[in-house]
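Novice: Sharing final31.cif below, mmCIF, N, CA and C atoms:
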```cif
data_protein
loop_
_atom_site.label_atom_id
_atom_site.label_comp_id
_atom_site.auth_asym_id
_atom_site.auth_seq_id
_atom_site.Cartn_x
_atom_site.Cartn_y
_atom_site.Cartn_z
N MET A 962 3.50 31.51 -4.20
CA MET A 962 3.00 30.34 -3.49
C MET A 962 3.81 29.11 -3.93
N PRO A 963 4.28 28.28 -2.98
CA PRO A 963 5.08 27.11 -3.36
C PRO A 963 4.20 26.06 -4.02
N PRO A 964 4.80 25.23 -4.89
CA PRO A 964 4.01 24.17 -5.53
C PRO A 964 3.58 23.13 -4.48
N PRO A 965 2.46 22.46 -4.71
CA PRO A 965 2.02 21.46 -3.73
C PRO A 965 3.03 20.32 -3.63
N ILE A 966 3.19 19.79 -2.44
CA ILE A 966 4.13 18.70 -2.22
C ILE A 966 3.49 17.41 -2.72
N LYS A 967 4.23 16.67 -3.53
CA LYS A 967 3.71 15.42 -4.06
C LYS A 967 3.64 14.40 -2.92
N GLU A 968 2.52 13.74 -2.82
CA GLU A 968 2.32 12.74 -1.77
C GLU A 968 3.03 11.44 -2.17
N PRO A 969 4.06 11.04 -1.41
CA PRO A 969 4.73 9.79 -1.74
C PRO A 969 3.80 8.60 -1.51
N CYS A 970 3.96 7.58 -2.29
CA CYS A 970 3.27 6.29 -2.15
C CYS A 970 1.79 6.34 -2.55
N LYS A 971 1.35 7.44 -3.14
CA LYS A 971 -0.06 7.52 -3.54
C LYS A 971 -0.39 6.48 -4.60
N LYS A 972 0.50 6.33 -5.58
CA LYS A 972 0.26 5.37 -6.65
C LYS A 972 0.12 3.96 -6.08
N GLU A 973 1.00 3.59 -5.16
CA GLU A 973 0.97 2.25 -4.58
C GLU A 973 -0.32 2.03 -3.79
N ALA A 974 -0.76 3.05 -3.07
CA ALA A 974 -2.01 2.94 -2.31
C ALA A 974 -3.20 2.78 -3.24
N CYS A 975 -3.19 3.51 -4.35
CA CYS A 975 -4.28 3.38 -5.33
C CYS A 975 -4.25 1.99 -5.98
N ASP A 976 -3.05 1.46 -6.22
CA ASP A 976 -2.94 0.12 -6.79
C ASP A 976 -3.55 -0.92 -5.84
N ILE A 977 -3.35 -0.74 -4.54
CA ILE A 977 -3.94 -1.67 -3.57
C ILE A 977 -5.46 -1.59 -3.63
N GLN A 978 -6.00 -0.40 -3.66
CA GLN A 978 -7.46 -0.26 -3.73
C GLN A 978 -8.03 -0.94 -4.97
N ALA A 979 -7.36 -0.76 -6.09
CA ALA A 979 -7.82 -1.38 -7.33
C ALA A 979 -7.75 -2.91 -7.22
N CYS A 980 -6.65 -3.41 -6.68
CA CYS A 980 -6.49 -4.86 -6.53
C CYS A 980 -7.53 -5.44 -5.59
N LEU A 981 -7.72 -4.80 -4.46
CA LEU A 981 -8.71 -5.29 -3.49
C LEU A 981 -10.12 -5.28 -4.09
N SER A 982 -10.44 -4.24 -4.83
CA SER A 982 -11.76 -4.16 -5.46
C SER A 982 -11.99 -5.31 -6.43
N LYS A 983 -10.95 -5.66 -7.18
CA LYS A 983 -11.07 -6.74 -8.17
C LYS A 983 -11.09 -8.12 -7.52
N ASN A 984 -10.63 -8.22 -6.28
CA ASN A 984 -10.46 -9.52 -5.63
C ASN A 984 -11.29 -9.67 -4.36
N ASN A 985 -12.49 -9.11 -4.37
CA ASN A 985 -13.42 -9.24 -3.24
C ASN A 985 -12.81 -8.83 -1.91
N PHE A 986 -11.92 -7.86 -1.95
CA PHE A 986 -11.29 -7.31 -0.74
C PHE A 986 -10.56 -8.37 0.08
N LEU A 987 -9.90 -9.30 -0.61
CA LEU A 987 -9.10 -10.32 0.05
C LEU A 987 -7.62 -9.94 -0.08
N PRO A 988 -7.02 -9.45 1.03
CA PRO A 988 -5.63 -8.99 0.96
C PRO A 988 -4.64 -10.05 0.49
N GLN A 989 -4.92 -11.33 0.77
CA GLN A 989 -3.99 -12.38 0.37
C GLN A 989 -3.86 -12.49 -1.15
N ARG A 990 -4.82 -11.92 -1.89
CA ARG A 990 -4.74 -11.92 -3.34
C ARG A 990 -3.99 -10.70 -3.87
N CYS A 991 -3.57 -9.83 -2.99
CA CYS A 991 -2.90 -8.58 -3.40
C CYS A 991 -1.56 -8.42 -2.71
N VAL A 992 -0.92 -9.52 -2.40
CA VAL A 992 0.33 -9.48 -1.64
C VAL A 992 1.38 -8.62 -2.33
N LYS A 993 1.54 -8.77 -3.62
CA LYS A 993 2.60 -8.04 -4.33
C LYS A 993 2.39 -6.53 -4.25
N VAL A 994 1.16 -6.06 -4.47
CA VAL A 994 0.94 -4.61 -4.41
C VAL A 994 1.05 -4.08 -2.99
N ILE A 995 0.68 -4.88 -2.01
CA ILE A 995 0.84 -4.48 -0.61
C ILE A 995 2.33 -4.37 -0.27
N GLU A 996 3.11 -5.33 -0.75
CA GLU A 996 4.55 -5.28 -0.53
C GLU A 996 5.17 -4.07 -1.24
N ASN A 997 4.62 -3.69 -2.39
CA ASN A 997 5.11 -2.49 -3.08
C ASN A 997 4.88 -1.24 -2.23
N LEU A 998 3.73 -1.15 -1.59
CA LEU A 998 3.46 -0.01 -0.71
C LEU A 998 4.41 -0.05 0.49
N GLN A 999 4.62 -1.22 1.05
CA GLN A 999 5.53 -1.33 2.19
C GLN A 999 6.93 -0.85 1.80
N SER A 1000 7.37 -1.25 0.63
CA SER A 1000 8.69 -0.83 0.15
C SER A 1000 8.76 0.68 -0.03
N CYS A 1001 7.71 1.26 -0.61
CA CYS A 1001 7.66 2.71 -0.79
C CYS A 1001 7.71 3.43 0.56
N CYS A 1002 6.96 2.91 1.52
CA CYS A 1002 6.93 3.53 2.85
C CYS A 1002 8.30 3.48 3.52
N GLU A 1003 9.01 2.36 3.32
CA GLU A 1003 10.36 2.26 3.88
C GLU A 1003 11.29 3.29 3.24
N LYS A 1004 11.15 3.47 1.92
CA LYS A 1004 12.00 4.42 1.20
C LYS A 1004 11.75 5.86 1.65
N CYS A 1005 10.49 6.19 1.92
CA CYS A 1005 10.18 7.58 2.31
C CYS A 1005 10.09 7.73 3.83
N GLU A 1006 10.57 6.72 4.55
CA GLU A 1006 10.59 6.73 6.02
C GLU A 1006 9.21 6.98 6.61
N ASN A 1007 8.20 6.36 5.99
CA ASN A 1007 6.80 6.45 6.43
C ASN A 1007 6.28 7.87 6.50
N LYS A 1008 6.82 8.74 5.65
CA LYS A 1008 6.38 10.14 5.63
C LYS A 1008 5.27 10.36 4.61
N SER A 1009 4.41 9.36 4.50
CA SER A 1009 3.26 9.45 3.59
C SER A 1009 2.01 9.10 4.38
N THR A 1010 0.94 9.79 4.09
CA THR A 1010 -0.32 9.48 4.77
C THR A 1010 -0.82 8.09 4.39
N HIS A 1011 -0.29 7.53 3.32
CA HIS A 1011 -0.73 6.23 2.85
C HIS A 1011 -0.03 5.07 3.57
N CYS A 1012 0.93 5.37 4.41
CA CYS A 1012 1.69 4.30 5.06
C CYS A 1012 1.02 3.76 6.32
N GLY A 1013 0.05 4.45 6.84
CA GLY A 1013 -0.60 4.01 8.07
C GLY A 1013 -1.33 2.69 7.94
N SER A 1014 -1.82 2.37 6.75
CA SER A 1014 -2.63 1.17 6.58
C SER A 1014 -1.83 -0.06 6.21
N VAL A 1015 -0.58 0.10 5.82
CA VAL A 1015 0.17 -1.05 5.31
C VAL A 1015 0.38 -2.12 6.38
N SER A 1016 0.63 -1.75 7.63
CA SER A 1016 0.87 -2.77 8.66
C SER A 1016 -0.38 -3.59 8.94
N SER A 1017 -1.54 -2.95 8.94
CA SER A 1017 -2.77 -3.72 9.17
C SER A 1017 -3.08 -4.64 7.99
N LEU A 1018 -2.75 -4.22 6.78
CA LEU A 1018 -2.95 -5.09 5.62
C LEU A 1018 -2.02 -6.29 5.69
N LEU A 1019 -0.79 -6.06 6.09
CA LEU A 1019 0.17 -7.17 6.18
C LEU A 1019 -0.27 -8.20 7.24
N LYS A 1020 -0.89 -7.75 8.31
CA LYS A 1020 -1.35 -8.67 9.34
C LYS A 1020 -2.49 -9.57 8.85
N GLN A 1021 -3.21 -9.15 7.82
CA GLN A 1021 -4.33 -9.93 7.30
C GLN A 1021 -3.89 -11.02 6.32
N ILE A 1022 -2.61 -10.99 5.92
CA ILE A 1022 -2.12 -11.96 4.96
C ILE A 1022 -1.52 -13.14 5.71
N PRO A 1023 -2.01 -14.36 5.44
CA PRO A 1023 -1.44 -15.53 6.11
C PRO A 1023 0.05 -15.68 5.78
N LYS A 1024 0.83 -16.11 6.75
CA LYS A 1024 2.25 -16.31 6.55
C LYS A 1024 2.45 -17.51 5.62
N ARG A 1025 3.48 -17.38 4.75
CA ARG A 1025 3.76 -18.48 3.81
C ARG A 1025 4.73 -19.46 4.41
#
```
Kindly return the structure encoded in the file as structure tokens.

Specialist:
Amino acid sequence: MPPPIKEPCKKEACDIQACLSKNNFLPQRCVKVIENLQSCCEKCENKSTHCGSVSSLLKQIPKR
């Protein structure tokens, strides 16, 4: 039986959940970790189940 395939970007997605939990679920307080997930998704060509939520999170952050 082949070894299970490691899910790319899982760590970054978990970091977002932790950040949002600590910050009353305000995405604007977690910009850096959201950008880390976006970067990971770009590197793995969005081949992670965790990449589906990054665009909606980015839309919730006010433009600087």

Novice: Pick the closest to Leu1019 (chain A) from A:Lys967, A:Gln999, A:Phe986, A:Asp976: which is it, counting only C-alpha atoms?

Specialist: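 Answer, going by the shortest atom-to-atom distance: A:Gln999.
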
Novice: Please evaluate the PyMOL selection byres (((chain A and resi 994 and name CA) around 10) and name CA) against the structure above and give the resulting residues as number ranges by chain.

Specialist: A: 973-981, 988, 990-993, 995-1000

Novice: Could you please determine the separation between atom N of Ser1016 (chain A) and CA of Glu1003 (chain A) in Å, to one decimal place?

Specialist: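 We find that atom N of Ser1016 (chain A) and CA of Glu1003 (chain A) lie 11.2 Å from each other.
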
Novice: If you count all atoms listed in the file, which residues fall within 8 Å of Cys970 (chain A), apart from same-chain ones fewer than 6 positions away, as a list in words?

Specialist: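 Residues meeting the cut-off are Asp976, Asn997, Leu998, Cys1001, Cys1002, Cys1005, Lys1008, Ser1009, Thr1010, His1011 and Cys1012 of chain A.
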
Novice: Could you check how far CA of Lys983 (chain A) sits from CA of Asn1007 (chain A), in Å to one decimal?

Specialist: 26.6 Å

Novice: Box in all listed atoms of region 1012-1019 of chain A, axis-aligned, with 3 Å more on each side; write out centre and edge lengths in Å to one decimal as lines of an AutoDock Vina configuration file.

Specialist:
```
center_x = -0.7
center_y = -1.4
center_z = 6.8
size_x = 10.8
size_y = 19.6
size_z = 10.8
```

Novice: Identify all residues of chain A in helix (DSSP H, G or I) (DSSP on the backbone) and supply them as an MDAnalysis selection string.

Specialist: chainID A and resid 971:983 988:990 992:1004 1010:1020

Novice: Find the distance between atom N of Leu987 (chain A) and atom N of Lys1024 (chain A) and write it in Å to one decimal.

Specialist: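 We find that atom N of Leu987 (chain A) and atom N of Lys1024 (chain A) lie 14.7 Å from each other.
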